[in-house]
Amino acid sequence: MTSTTAGTSADGRAAPPPSSKTKVALRGVSETMLITLRARADDARQPDPVLRDTWAADILDQLDYSRPPTLGEKAFFATVLSRARLFDSWTAEFLNAHPEATVLHLACGLDSRALRLAWGPRVRWIDIDMPEVVALRQKLLPDPAASGSDYRLVATSVTEASWLEDVPADRPTIVVMEGLLPYLKEAEVRQLLERICERFPSGQIMFDIVGATFLRLQALNRPIAKTGALMHFALDDGHDLEMMHPKLRVKDVLRIWQIPGREKFPWNLRLLLWVFSWLPGFRTTNSYMRYEF
Ligand SMILES: C[S@@+](CC[C@H](N)C(=O)[O-])C[C@H]1O[C@@H](n2cnc3c(N)ncnc32)[C@H](O)[C@@H]1O
């Protein structure tokens with residue numbers, strides 16, 4: 001358990017004074033990873049954390065970034081944490097079944113998944129994000145390669161083709177995309193999935209996605225809307241994605257009102273999700289999907 005006081009980091013070390021903090025000048029989709037970071041950092045400071053991401057709390061202390069809380073943020077944070085925990089458990093499940101594997105963690109942001117999860121010496125882990133985010137990550141998070149792990153941090157847009165050519169295609173591959181696909185255009189999603197399915201022999205792909213109704217109402221999601229990030233891609237029926245490549249097969253589709261850990265959501269969020277679960281259009285407002293290929 002981790003608890004902090006003002007000016008103290010999650011592990012009890014003194015937080016740097018404001019002047020020595022790292023300035024953050026991100027806007028749009030890159031800024032959204034500071035919201036998920038904040039969700040994990042706040043959680044790490046709770047007496048009974050959901051995710052226990054102490055790296056997040058330490059990173060936030062090092063950043064010169066403050067943003068007034070937005071309406072509904074607490075409820076939004078609760079969903080971010082459950083999503084991260086679900087993706088941790090799906091990733092761990094794959095690595096247990098495939099001790100020799102490649103992990104492609106696309107749009108990693110400042111997420112500490114590579115540090116949070118235990119992974120063996122025959123796992124190759126690749127974290128990928130945009131150059132400005134990777135530059136920040138290099139300053140703020142420890143490099144698992146320094147302790148001998150097969151780890152690489154790649155600065156590129158996932159929509160480029162070239163980064164995939166540098167990843168050996170010799171192992172089952174798990175692709176983790178948390179908070180990414182809604183921000184890509186449909187043609188970019190199709191191309192990315194095609195490239196992954198063509199390059200690797202087999203594996204799994206997991207991502208979260210919004211439904212078409214959510215996409216139309218995205219301005220109501222204040223924490224995201226305030227960054228200026230725009231969502232473009234929605235998916236209601238998980239089977240529609242199987243059309244994008246013949247190897248893709250749905251393994252799991254979980255709706256937000258079915259996500260493990262929802263029993264700990266604030267009561268007003270639980271009520272809202274219960275209502276959503278009965279309303280066409282809102283039933284598929286946020287989903288967590290896992291595919292095999
Ligand atoms: C909502 S944040 C999620 C970050 C992280 N997965 C997490 O859960 O904290 C979205 C992330 O997607 C990244 N991103 C958006 N478009 C991208 C692209 N085309 N290529 C690589 N990363 C991208 C952003 O830079 C940002 O870090």
# chains A, B, ... in the order shown; residues from 1 in each chain; ligands from 1
$ residues_near_ligand --ligand "ligand 1" --cutoff "6 Å" --atoms "only C-alpha atoms and all ligand atoms" --output "ChimeraX atom specification"
/A:29-30,32-33,36-37,107-111,129-130,133,157-159,178-180
$ write_last_selection --atoms "N, CA and C atoms" --output "PDB file, in the first residue's frame"
ATOM      1  N   VAL A  29      -4.093  14.415 -28.808  1.00  0.00           N
ATOM      2  CA  VAL A  29      -4.112  13.007 -28.391  1.00  0.00           C
ATOM      3  C   VAL A  29      -2.930  12.653 -27.498  1.00  0.00           C
ATOM      4  N   SER A  30      -1.776  13.298 -27.700  1.00  0.00           N
ATOM      5  CA  SER A  30      -0.634  12.989 -26.834  1.00  0.00           C
ATOM      6  C   SER A  30      -0.895  13.416 -25.394  1.00  0.00           C
ATOM      7  N   THR A  32      -3.629  13.202 -23.864  1.00  0.00           N
ATOM      8  CA  THR A  32      -4.588  12.307 -23.197  1.00  0.00           C
ATOM      9  C   THR A  32      -3.884  11.310 -22.278  1.00  0.00           C
ATOM     10  N   MET A  33      -2.605  11.029 -22.573  1.00  0.00           N
ATOM     11  CA  MET A  33      -1.930  10.041 -21.714  1.00  0.00           C
ATOM     12  C   MET A  33      -1.616  10.626 -20.342  1.00  0.00           C
ATOM     13  N   THR A  36      -4.725   9.542 -18.165  1.00  0.00           N
ATOM     14  CA  THR A  36      -4.665   8.158 -17.669  1.00  0.00           C
ATOM     15  C   THR A  36      -3.563   8.039 -16.610  1.00  0.00           C
ATOM     16  N   LEU A  37      -2.478   8.788 -16.807  1.00  0.00           N
ATOM     17  CA  LEU A  37      -1.399   8.806 -15.801  1.00  0.00           C
ATOM     18  C   LEU A  37      -1.937   9.316 -14.464  1.00  0.00           C
ATOM     19  N   ALA A 107       1.112   2.779 -28.321  1.00  0.00           N
ATOM     20  CA  ALA A 107       0.563   3.950 -27.616  1.00  0.00           C
ATOM     21  C   ALA A 107       0.737   3.761 -26.111  1.00  0.00           C
ATOM     22  N   CYS A 108       1.960   3.419 -25.699  1.00  0.00           N
ATOM     23  CA  CYS A 108       2.236   3.111 -24.288  1.00  0.00           C
ATOM     24  C   CYS A 108       2.099   4.333 -23.395  1.00  0.00           C
ATOM     25  N   GLY A 109       2.240   5.535 -23.959  1.00  0.00           N
ATOM     26  CA  GLY A 109       2.196   6.737 -23.129  1.00  0.00           C
ATOM     27  C   GLY A 109       3.227   6.655 -22.020  1.00  0.00           C
ATOM     28  N   LEU A 110       2.811   6.975 -20.786  1.00  0.00           N
ATOM     29  CA  LEU A 110       3.710   6.852 -19.627  1.00  0.00           C
ATOM     30  C   LEU A 110       3.262   5.676 -18.763  1.00  0.00           C
ATOM     31  N   ASP A 111       2.650   4.702 -19.413  1.00  0.00           N
ATOM     32  CA  ASP A 111       2.150   3.537 -18.689  1.00  0.00           C
ATOM     33  C   ASP A 111       3.310   2.614 -18.322  1.00  0.00           C
ATOM     34  N   ASP A 129       5.364   4.776 -28.949  1.00  0.00           N
ATOM     35  CA  ASP A 129       4.481   5.960 -28.915  1.00  0.00           C
ATOM     36  C   ASP A 129       5.093   7.041 -29.808  1.00  0.00           C
ATOM     37  N   MET A 130       4.417   8.160 -29.891  1.00  0.00           N
ATOM     38  CA  MET A 130       4.883   9.282 -30.707  1.00  0.00           C
ATOM     39  C   MET A 130       6.203   9.835 -30.144  1.00  0.00           C
ATOM     40  N   VAL A 133       6.191  11.910 -26.881  1.00  0.00           N
ATOM     41  CA  VAL A 133       5.838  11.140 -25.685  1.00  0.00           C
ATOM     42  C   VAL A 133       7.016  10.253 -25.266  1.00  0.00           C
ATOM     43  N   SER A 157       4.955   6.970 -35.134  1.00  0.00           N
ATOM     44  CA  SER A 157       3.507   6.786 -35.201  1.00  0.00           C
ATOM     45  C   SER A 157       3.248   5.332 -35.584  1.00  0.00           C
ATOM     46  N   VAL A 158       2.289   4.707 -34.949  1.00  0.00           N
ATOM     47  CA  VAL A 158       1.988   3.302 -35.289  1.00  0.00           C
ATOM     48  C   VAL A 158       1.437   3.180 -36.701  1.00  0.00           C
ATOM     49  N   THR A 159       1.056   4.306 -37.297  1.00  0.00           N
ATOM     50  CA  THR A 159       0.513   4.250 -38.657  1.00  0.00           C
ATOM     51  C   THR A 159       1.619   4.157 -39.713  1.00  0.00           C
ATOM     52  N   GLU A 178      -4.141   0.358 -25.688  1.00  0.00           N
ATOM     53  CA  GLU A 178      -5.048   0.906 -24.665  1.00  0.00           C
ATOM     54  C   GLU A 178      -5.189   2.400 -24.906  1.00  0.00           C
ATOM     55  N   GLY A 179      -6.387   2.822 -25.233  1.00  0.00           N
ATOM     56  CA  GLY A 179      -6.619   4.248 -25.467  1.00  0.00           C
ATOM     57  C   GLY A 179      -6.070   4.718 -26.799  1.00  0.00           C
ATOM     58  N   LEU A 180      -6.023   3.855 -27.798  1.00  0.00           N
ATOM     59  CA  LEU A 180      -5.450   4.243 -29.099  1.00  0.00           C
ATOM     60  C   LEU A 180      -6.455   4.214 -30.251  1.00  0.00           C
TER      61      LEU A 180
END
$ select_by_dssp --residues "range 61-162 of chain A" --states "strand (DSSP E or B)" --output "MDAnalysis selection string"
chainID A and resid 63:64 101:106 123:129 150:155
$ write_last_selection --atoms "N, CA and C atoms" --output "PDB file, in the first residue's frame"
ATOM      1  N   LEU A  63       6.420  16.073 -12.895  1.00  0.00           N
ATOM      2  CA  LEU A  63       5.945  16.871 -14.032  1.00  0.00           C
ATOM      3  C   LEU A  63       5.409  18.228 -13.596  1.00  0.00           C
ATOM      4  N   ASP A  64       5.716  19.229 -14.388  1.00  0.00           N
ATOM      5  CA  ASP A  64       5.147  20.543 -14.172  1.00  0.00           C
ATOM      6  C   ASP A  64       3.866  20.604 -15.001  1.00  0.00           C
ATOM      7  N   ALA A 101       7.623 -15.002 -26.317  1.00  0.00           N
ATOM      8  CA  ALA A 101       6.626 -14.187 -27.035  1.00  0.00           C
ATOM      9  C   ALA A 101       7.158 -12.778 -27.254  1.00  0.00           C
ATOM     10  N   THR A 102       6.487 -12.084 -28.160  1.00  0.00           N
ATOM     11  CA  THR A 102       6.755 -10.653 -28.341  1.00  0.00           C
ATOM     12  C   THR A 102       5.541  -9.866 -27.844  1.00  0.00           C
ATOM     13  N   VAL A 103       5.790  -8.833 -27.047  1.00  0.00           N
ATOM     14  CA  VAL A 103       4.718  -7.924 -26.622  1.00  0.00           C
ATOM     15  C   VAL A 103       4.890  -6.621 -27.388  1.00  0.00           C
ATOM     16  N   LEU A 104       3.865  -6.222 -28.105  1.00  0.00           N
ATOM     17  CA  LEU A 104       3.872  -4.910 -28.762  1.00  0.00           C
ATOM     18  C   LEU A 104       2.871  -4.038 -28.012  1.00  0.00           C
ATOM     19  N   HIS A 105       3.385  -3.107 -27.244  1.00  0.00           N
ATOM     20  CA  HIS A 105       2.530  -2.232 -26.442  1.00  0.00           C
ATOM     21  C   HIS A 105       2.451  -0.897 -27.182  1.00  0.00           C
ATOM     22  N   LEU A 106       1.420  -0.767 -28.019  1.00  0.00           N
ATOM     23  CA  LEU A 106       1.307   0.417 -28.881  1.00  0.00           C
ATOM     24  C   LEU A 106       0.624   1.552 -28.111  1.00  0.00           C
ATOM     25  N   VAL A 123      10.903 -13.308 -23.288  1.00  0.00           N
ATOM     26  CA  VAL A 123       9.907 -12.348 -23.805  1.00  0.00           C
ATOM     27  C   VAL A 123      10.640 -11.118 -24.337  1.00  0.00           C
ATOM     28  N   ARG A 124      10.191 -10.699 -25.509  1.00  0.00           N
ATOM     29  CA  ARG A 124      10.691  -9.443 -26.102  1.00  0.00           C
ATOM     30  C   ARG A 124       9.571  -8.415 -25.936  1.00  0.00           C
ATOM     31  N   TRP A 125       9.873  -7.290 -25.304  1.00  0.00           N
ATOM     32  CA  TRP A 125       8.824  -6.285 -25.036  1.00  0.00           C
ATOM     33  C   TRP A 125       9.168  -5.001 -25.790  1.00  0.00           C
ATOM     34  N   ILE A 126       8.226  -4.506 -26.563  1.00  0.00           N
ATOM     35  CA  ILE A 126       8.453  -3.261 -27.310  1.00  0.00           C
ATOM     36  C   ILE A 126       7.342  -2.258 -26.970  1.00  0.00           C
ATOM     37  N   ASP A 127       7.737  -1.137 -26.403  1.00  0.00           N
ATOM     38  CA  ASP A 127       6.802  -0.036 -26.124  1.00  0.00           C
ATOM     39  C   ASP A 127       6.919   0.979 -27.262  1.00  0.00           C
ATOM     40  N   ILE A 128       5.801   1.487 -27.738  1.00  0.00           N
ATOM     41  CA  ILE A 128       5.814   2.413 -28.881  1.00  0.00           C
ATOM     42  C   ILE A 128       4.886   3.590 -28.619  1.00  0.00           C
ATOM     43  N   ASP A 129       5.364   4.776 -28.949  1.00  0.00           N
ATOM     44  CA  ASP A 129       4.481   5.960 -28.915  1.00  0.00           C
ATOM     45  C   ASP A 129       5.093   7.041 -29.808  1.00  0.00           C
ATOM     46  N   ASP A 150      14.884  -7.882 -22.454  1.00  0.00           N
ATOM     47  CA  ASP A 150      14.826  -7.658 -23.905  1.00  0.00           C
ATOM     48  C   ASP A 150      13.731  -6.619 -24.171  1.00  0.00           C
ATOM     49  N   TYR A 151      14.089  -5.359 -24.003  1.00  0.00           N
ATOM     50  CA  TYR A 151      13.108  -4.269 -24.039  1.00  0.00           C
ATOM     51  C   TYR A 151      13.569  -3.180 -24.998  1.00  0.00           C
ATOM     52  N   ARG A 152      12.618  -2.640 -25.744  1.00  0.00           N
ATOM     53  CA  ARG A 152      12.921  -1.537 -26.654  1.00  0.00           C
ATOM     54  C   ARG A 152      11.801  -0.505 -26.601  1.00  0.00           C
ATOM     55  N   LEU A 153      12.183   0.768 -26.657  1.00  0.00           N
ATOM     56  CA  LEU A 153      11.192   1.853 -26.710  1.00  0.00           C
ATOM     57  C   LEU A 153      11.332   2.510 -28.075  1.00  0.00           C
ATOM     58  N   VAL A 154      10.254   2.521 -28.837  1.00  0.00           N
ATOM     59  CA  VAL A 154      10.333   2.990 -30.224  1.00  0.00           C
ATOM     60  C   VAL A 154       9.498   4.260 -30.388  1.00  0.00           C
ATOM     61  N   ALA A 155      10.124   5.275 -30.993  1.00  0.00           N
ATOM     62  CA  ALA A 155       9.447   6.560 -31.201  1.00  0.00           C
ATOM     63  C   ALA A 155       8.945   6.631 -32.634  1.00  0.00           C
TER      64      ALA A 155
END
$ closest_atom_pairs --of "range 75-156 of chain A" --to "range 40-44 of chain A" --cutoff "9 Å" --atoms "only C-alpha atoms" --output "tab-separated table"
residue	atom	partner	partner_atom	distance
A:Phe77	CA	A:Arg40	CA	8.0
A:Ala78	CA	A:Asp43	CA	8.9
A:Val80	CA	A:Arg40	CA	8.1
A:Leu81	CA	A:Arg40	CA	6.6
A:Ala84	CA	A:Arg40	CA	9.0
A:Asp111	CA	A:Arg40	CA	8.8
$ closest_residue --among "A:Ile259, A:Ala56, A:Leu140, A:Ala145" --to "Ser112 in chain A" --atoms "only C-alpha atoms"
A:Ala56
$ closest_atom_pairs --of "range 68-92 of chain A" --to "range 266-281 of chain A" --cutoff "12 Å" --atoms "only C-alpha atoms" --output "tab-separated table"
residue	atom	partner	partner_atom	distance
A:Gly72	CA	A:Leu269	CA	9.3
A:Glu73	CA	A:Leu269	CA	11.1
A:Lys74	CA	A:Pro266	CA	8.4
A:Ala75	CA	A:Leu269	CA	6.1
A:Phe76	CA	A:Leu269	CA	8.8
A:Phe77	CA	A:Pro266	CA	10.5
A:Ala78	CA	A:Pro266	CA	8.0
A:Thr79	CA	A:Leu269	CA	9.3
$ closest_residue --among "A:Thr227, A:Ser82, A:Thr22, A:Ser89" --to "Asp61 in chain A" --atoms "only C-alpha atoms"
A:Thr22
$ select_by_dssp --residues "range 70-229 of chain A" --states "alpha helix (DSSP H)" --output "JSON, numbers by chain"
{"A": [73, 74, 75, 76, 77, 78, 79, 80, 81, 82, 83, 84, 85, 86, 87, 88, 89, 90, 91, 92, 93, 94, 95, 96, 97, 113, 114, 115, 116, 131, 132, 133, 134, 135, 136, 137, 138, 139, 140, 162, 163, 164, 165, 186, 187, 188, 189, 190, 191, 192, 193, 194, 195, 196, 197, 198, 199, 212, 213, 214, 215, 216, 222, 223, 224, 225]}
$ atom_distance --atom1 "CA of Ile35 in chain A" --atom2 "CA of Arg85 in chain A"
16.2 Å
$ residues_around --residues "range 181-183 of chain A" --least-positions-apart "6" --cutoff "6 Å" --atoms "only C-alpha atoms" --output "PyMOL selection string"
chain A and resi 209+231-233
$ residues_around --residues "Leu241 in chain A" --least-positions-apart "5" --cutoff "10 Å" --atoms "only C-alpha atoms" --output "MDAnalysis selection string"
chainID A and resid 189:190 193 235:236 246 248:250 291
$ write_last_selection --atoms "C-alpha atoms" --output "compact mmCIF listing (two decimals), in the first residue's frame"
# COMPACT_ATOMS: atom_id res chain seq x y z
CA VAL A 189 -6.98 0.87 -38.20
CA ARG A 190 -7.49 -1.46 -41.15
CA LEU A 193 -4.38 -4.72 -38.33
CA LEU A 235 -17.00 -0.17 -33.34
CA ASP A 236 -20.22 -1.57 -31.92
CA PRO A 246 -9.29 -13.23 -42.61
CA LEU A 248 -8.86 -12.15 -37.11
CA ARG A 249 -11.23 -14.00 -34.76
CA VAL A 250 -13.10 -12.48 -31.81
CA TYR A 291 -8.96 -11.08 -30.86
$ atom_distance --atom1 "CA of Phe207 in chain A" --atom2 "CA of Arg290 in chain A"
6.7 Å
$ atom_distance --atom1 "CA of Ala57 in chain A" --atom2 "CA of Asp88 in chain A"
18.2 Å
$ closest_residue --among "A:Glu194, A:Ala92, A:Lys23, A:Leu117" --to "Arg52 in chain A" --atoms "only C-alpha atoms"
A:Leu117
$ residues_around --residues "Gln204 in chain A" --least-positions-apart "3" --cutoff "9 Å" --atoms "only C-alpha atoms" --output "VMD selection string"
chain A and resid 94 172 to 176 248 251 290 to 293
$ write_last_selection --atoms "C-alpha atoms" --output "PDB file, in the first residue's frame"
ATOM      1  CA  PHE A  94      -0.918 -14.688 -22.822  1.00  0.00           C
ATOM      2  CA  PRO A 172       3.606 -15.499 -30.947  1.00  0.00           C
ATOM      3  CA  THR A 173       2.819 -11.836 -30.519  1.00  0.00           C
ATOM      4  CA  ILE A 174       0.484  -9.964 -28.241  1.00  0.00           C
ATOM      5  CA  VAL A 175      -0.547  -6.473 -29.271  1.00  0.00           C
ATOM      6  CA  VAL A 176      -1.849  -4.200 -26.504  1.00  0.00           C
ATOM      7  CA  LEU A 248      -8.856 -12.146 -37.107  1.00  0.00           C
ATOM      8  CA  LYS A 251     -12.036 -13.985 -28.484  1.00  0.00           C
ATOM      9  CA  ARG A 290      -9.610  -9.320 -27.551  1.00  0.00           C
ATOM     10  CA  TYR A 291      -8.957 -11.079 -30.865  1.00  0.00           C
ATOM     11  CA  GLU A 292      -6.866 -14.040 -31.946  1.00  0.00           C
ATOM     12  CA  PHE A 293      -5.061 -14.168 -35.244  1.00  0.00           C
TER      13      PHE A 293
END
$ closest_residue --among "A:Met289, A:Ala97, A:Lys264, A:Val134" --to "Asp252 in chain A" --atoms "only C-alpha atoms"
A:Met289
$ closest_residue --among "A:Asp166, A:Leu26, A:His98, A:Gln191" --to "Ala135 in chain A" --atoms "only C-alpha atoms"
A:Leu26
$ decode --residues "range 169-202 of chain A" --atoms "N, CA and C atoms" --output "mmCIF file, in the first residue's frame"
data_model
loop_
_atom_site.group_PDB
_atom_site.id
_atom_site.type_symbol
_atom_site.label_atom_id
_atom_site.label_comp_id
_atom_site.auth_asym_id
_atom_site.auth_seq_id
_atom_site.Cartn_x
_atom_site.Cartn_y
_atom_site.Cartn_z
ATOM 1 N N ALA A 169 9.764 -11.552 -36.591
ATOM 2 C CA ALA A 169 8.448 -12.209 -36.682
ATOM 3 C C ALA A 169 8.565 -13.674 -36.269
ATOM 4 N N ASP A 170 9.314 -13.937 -35.222
ATOM 5 C CA ASP A 170 9.646 -15.318 -34.876
ATOM 6 C C ASP A 170 8.835 -15.895 -33.730
ATOM 7 N N ARG A 171 7.933 -15.116 -33.115
ATOM 8 C CA ARG A 171 7.254 -15.607 -31.902
ATOM 9 C C ARG A 171 5.773 -15.231 -31.920
ATOM 10 N N PRO A 172 4.981 -15.965 -31.143
ATOM 11 C CA PRO A 172 3.606 -15.499 -30.947
ATOM 12 C C PRO A 172 3.655 -14.078 -30.375
ATOM 13 N N THR A 173 2.730 -13.272 -30.827
ATOM 14 C CA THR A 173 2.819 -11.836 -30.519
ATOM 15 C C THR A 173 1.526 -11.335 -29.909
ATOM 16 N N ILE A 174 1.672 -10.587 -28.826
ATOM 17 C CA ILE A 174 0.484 -9.964 -28.241
ATOM 18 C C ILE A 174 0.567 -8.464 -28.450
ATOM 19 N N VAL A 175 -0.512 -7.908 -28.967
ATOM 20 C CA VAL A 175 -0.547 -6.473 -29.271
ATOM 21 C C VAL A 175 -1.538 -5.815 -28.308
ATOM 22 N N VAL A 176 -1.017 -4.890 -27.505
ATOM 23 C CA VAL A 176 -1.849 -4.200 -26.504
ATOM 24 C C VAL A 176 -2.033 -2.757 -26.963
ATOM 25 N N MET A 177 -3.274 -2.357 -27.150
ATOM 26 C CA MET A 177 -3.552 -0.981 -27.597
ATOM 27 C C MET A 177 -4.601 -0.403 -26.652
ATOM 28 N N GLU A 178 -4.141 0.358 -25.688
ATOM 29 C CA GLU A 178 -5.048 0.906 -24.665
ATOM 30 C C GLU A 178 -5.189 2.400 -24.906
ATOM 31 N N GLY A 179 -6.387 2.822 -25.233
ATOM 32 C CA GLY A 179 -6.619 4.248 -25.467
ATOM 33 C C GLY A 179 -6.070 4.718 -26.799
ATOM 34 N N LEU A 180 -6.023 3.855 -27.798
ATOM 35 C CA LEU A 180 -5.450 4.243 -29.099
ATOM 36 C C LEU A 180 -6.455 4.214 -30.251
ATOM 37 N N LEU A 181 -7.117 3.083 -30.468
ATOM 38 C CA LEU A 181 -7.862 2.929 -31.732
ATOM 39 C C LEU A 181 -8.915 4.008 -31.997
ATOM 40 N N PRO A 182 -9.633 4.524 -30.976
ATOM 41 C CA PRO A 182 -10.622 5.562 -31.302
ATOM 42 C C PRO A 182 -9.997 6.787 -31.976
ATOM 43 N N TYR A 183 -8.692 7.031 -31.734
ATOM 44 C CA TYR A 183 -8.047 8.233 -32.280
ATOM 45 C C TYR A 183 -7.536 8.031 -33.707
ATOM 46 N N LEU A 184 -7.565 6.797 -34.207
ATOM 47 C CA LEU A 184 -7.117 6.561 -35.577
ATOM 48 C C LEU A 184 -8.302 6.612 -36.521
ATOM 49 N N LYS A 185 -8.001 6.868 -37.807
ATOM 50 C CA LYS A 185 -9.068 6.831 -38.822
ATOM 51 C C LYS A 185 -9.302 5.359 -39.207
ATOM 52 N N GLU A 186 -10.478 5.078 -39.740
ATOM 53 C CA GLU A 186 -10.805 3.679 -40.046
ATOM 54 C C GLU A 186 -9.763 3.041 -40.981
ATOM 55 N N ALA A 187 -9.317 3.805 -41.985
ATOM 56 C CA ALA A 187 -8.340 3.246 -42.939
ATOM 57 C C ALA A 187 -7.016 2.935 -42.224
ATOM 58 N N GLU A 188 -6.674 3.749 -41.225
ATOM 59 C CA GLU A 188 -5.428 3.505 -40.468
ATOM 60 C C GLU A 188 -5.558 2.252 -39.602
ATOM 61 N N VAL A 189 -6.739 2.068 -39.015
ATOM 62 C CA VAL A 189 -6.979 0.872 -38.195
ATOM 63 C C VAL A 189 -6.852 -0.370 -39.069
ATOM 64 N N ARG A 190 -7.504 -0.327 -40.223
ATOM 65 C CA ARG A 190 -7.487 -1.463 -41.153
ATOM 66 C C ARG A 190 -6.056 -1.807 -41.564
ATOM 67 N N GLN A 191 -5.296 -0.777 -41.912
ATOM 68 C CA GLN A 191 -3.924 -0.986 -42.376
ATOM 69 C C GLN A 191 -3.041 -1.560 -41.253
ATOM 70 N N LEU A 192 -3.222 -1.034 -40.046
ATOM 71 C CA LEU A 192 -2.434 -1.506 -38.901
ATOM 72 C C LEU A 192 -2.731 -2.983 -38.627
ATOM 73 N N LEU A 193 -4.010 -3.330 -38.609
ATOM 74 C CA LEU A 193 -4.379 -4.718 -38.326
ATOM 75 C C LEU A 193 -3.883 -5.651 -39.430
ATOM 76 N N GLU A 194 -3.991 -5.187 -40.659
ATOM 77 C CA GLU A 194 -3.499 -6.012 -41.790
ATOM 78 C C GLU A 194 -2.001 -6.264 -41.637
ATOM 79 N N ARG A 195 -1.259 -5.203 -41.314
ATOM 80 C CA ARG A 195 0.210 -5.349 -41.198
ATOM 81 C C ARG A 195 0.562 -6.321 -40.080
ATOM 82 N N ILE A 196 -0.135 -6.225 -38.946
ATOM 83 C CA ILE A 196 0.157 -7.111 -37.807
ATOM 84 C C ILE A 196 -0.161 -8.559 -38.177
ATOM 85 N N CYS A 197 -1.338 -8.773 -38.757
ATOM 86 C CA CYS A 197 -1.756 -10.150 -39.101
ATOM 87 C C CYS A 197 -0.857 -10.761 -40.170
ATOM 88 N N GLU A 198 -0.357 -9.938 -41.074
ATOM 89 C CA GLU A 198 0.514 -10.453 -42.148
ATOM 90 C C GLU A 198 1.913 -10.757 -41.622
ATOM 91 N N ARG A 199 2.373 -9.942 -40.656
ATOM 92 C CA ARG A 199 3.778 -10.048 -40.234
ATOM 93 C C ARG A 199 4.018 -11.214 -39.264
ATOM 94 N N PHE A 200 3.105 -11.411 -38.291
ATOM 95 C CA PHE A 200 3.385 -12.366 -37.219
ATOM 96 C C PHE A 200 2.621 -13.671 -37.437
ATOM 97 N N PRO A 201 3.224 -14.805 -36.992
ATOM 98 C CA PRO A 201 2.600 -16.097 -37.274
ATOM 99 C C PRO A 201 1.248 -16.248 -36.579
ATOM 100 N N SER A 202 1.156 -15.796 -35.320
ATOM 101 C CA SER A 202 -0.085 -15.938 -34.555
ATOM 102 C C SER A 202 -0.001 -15.026 -33.334
#
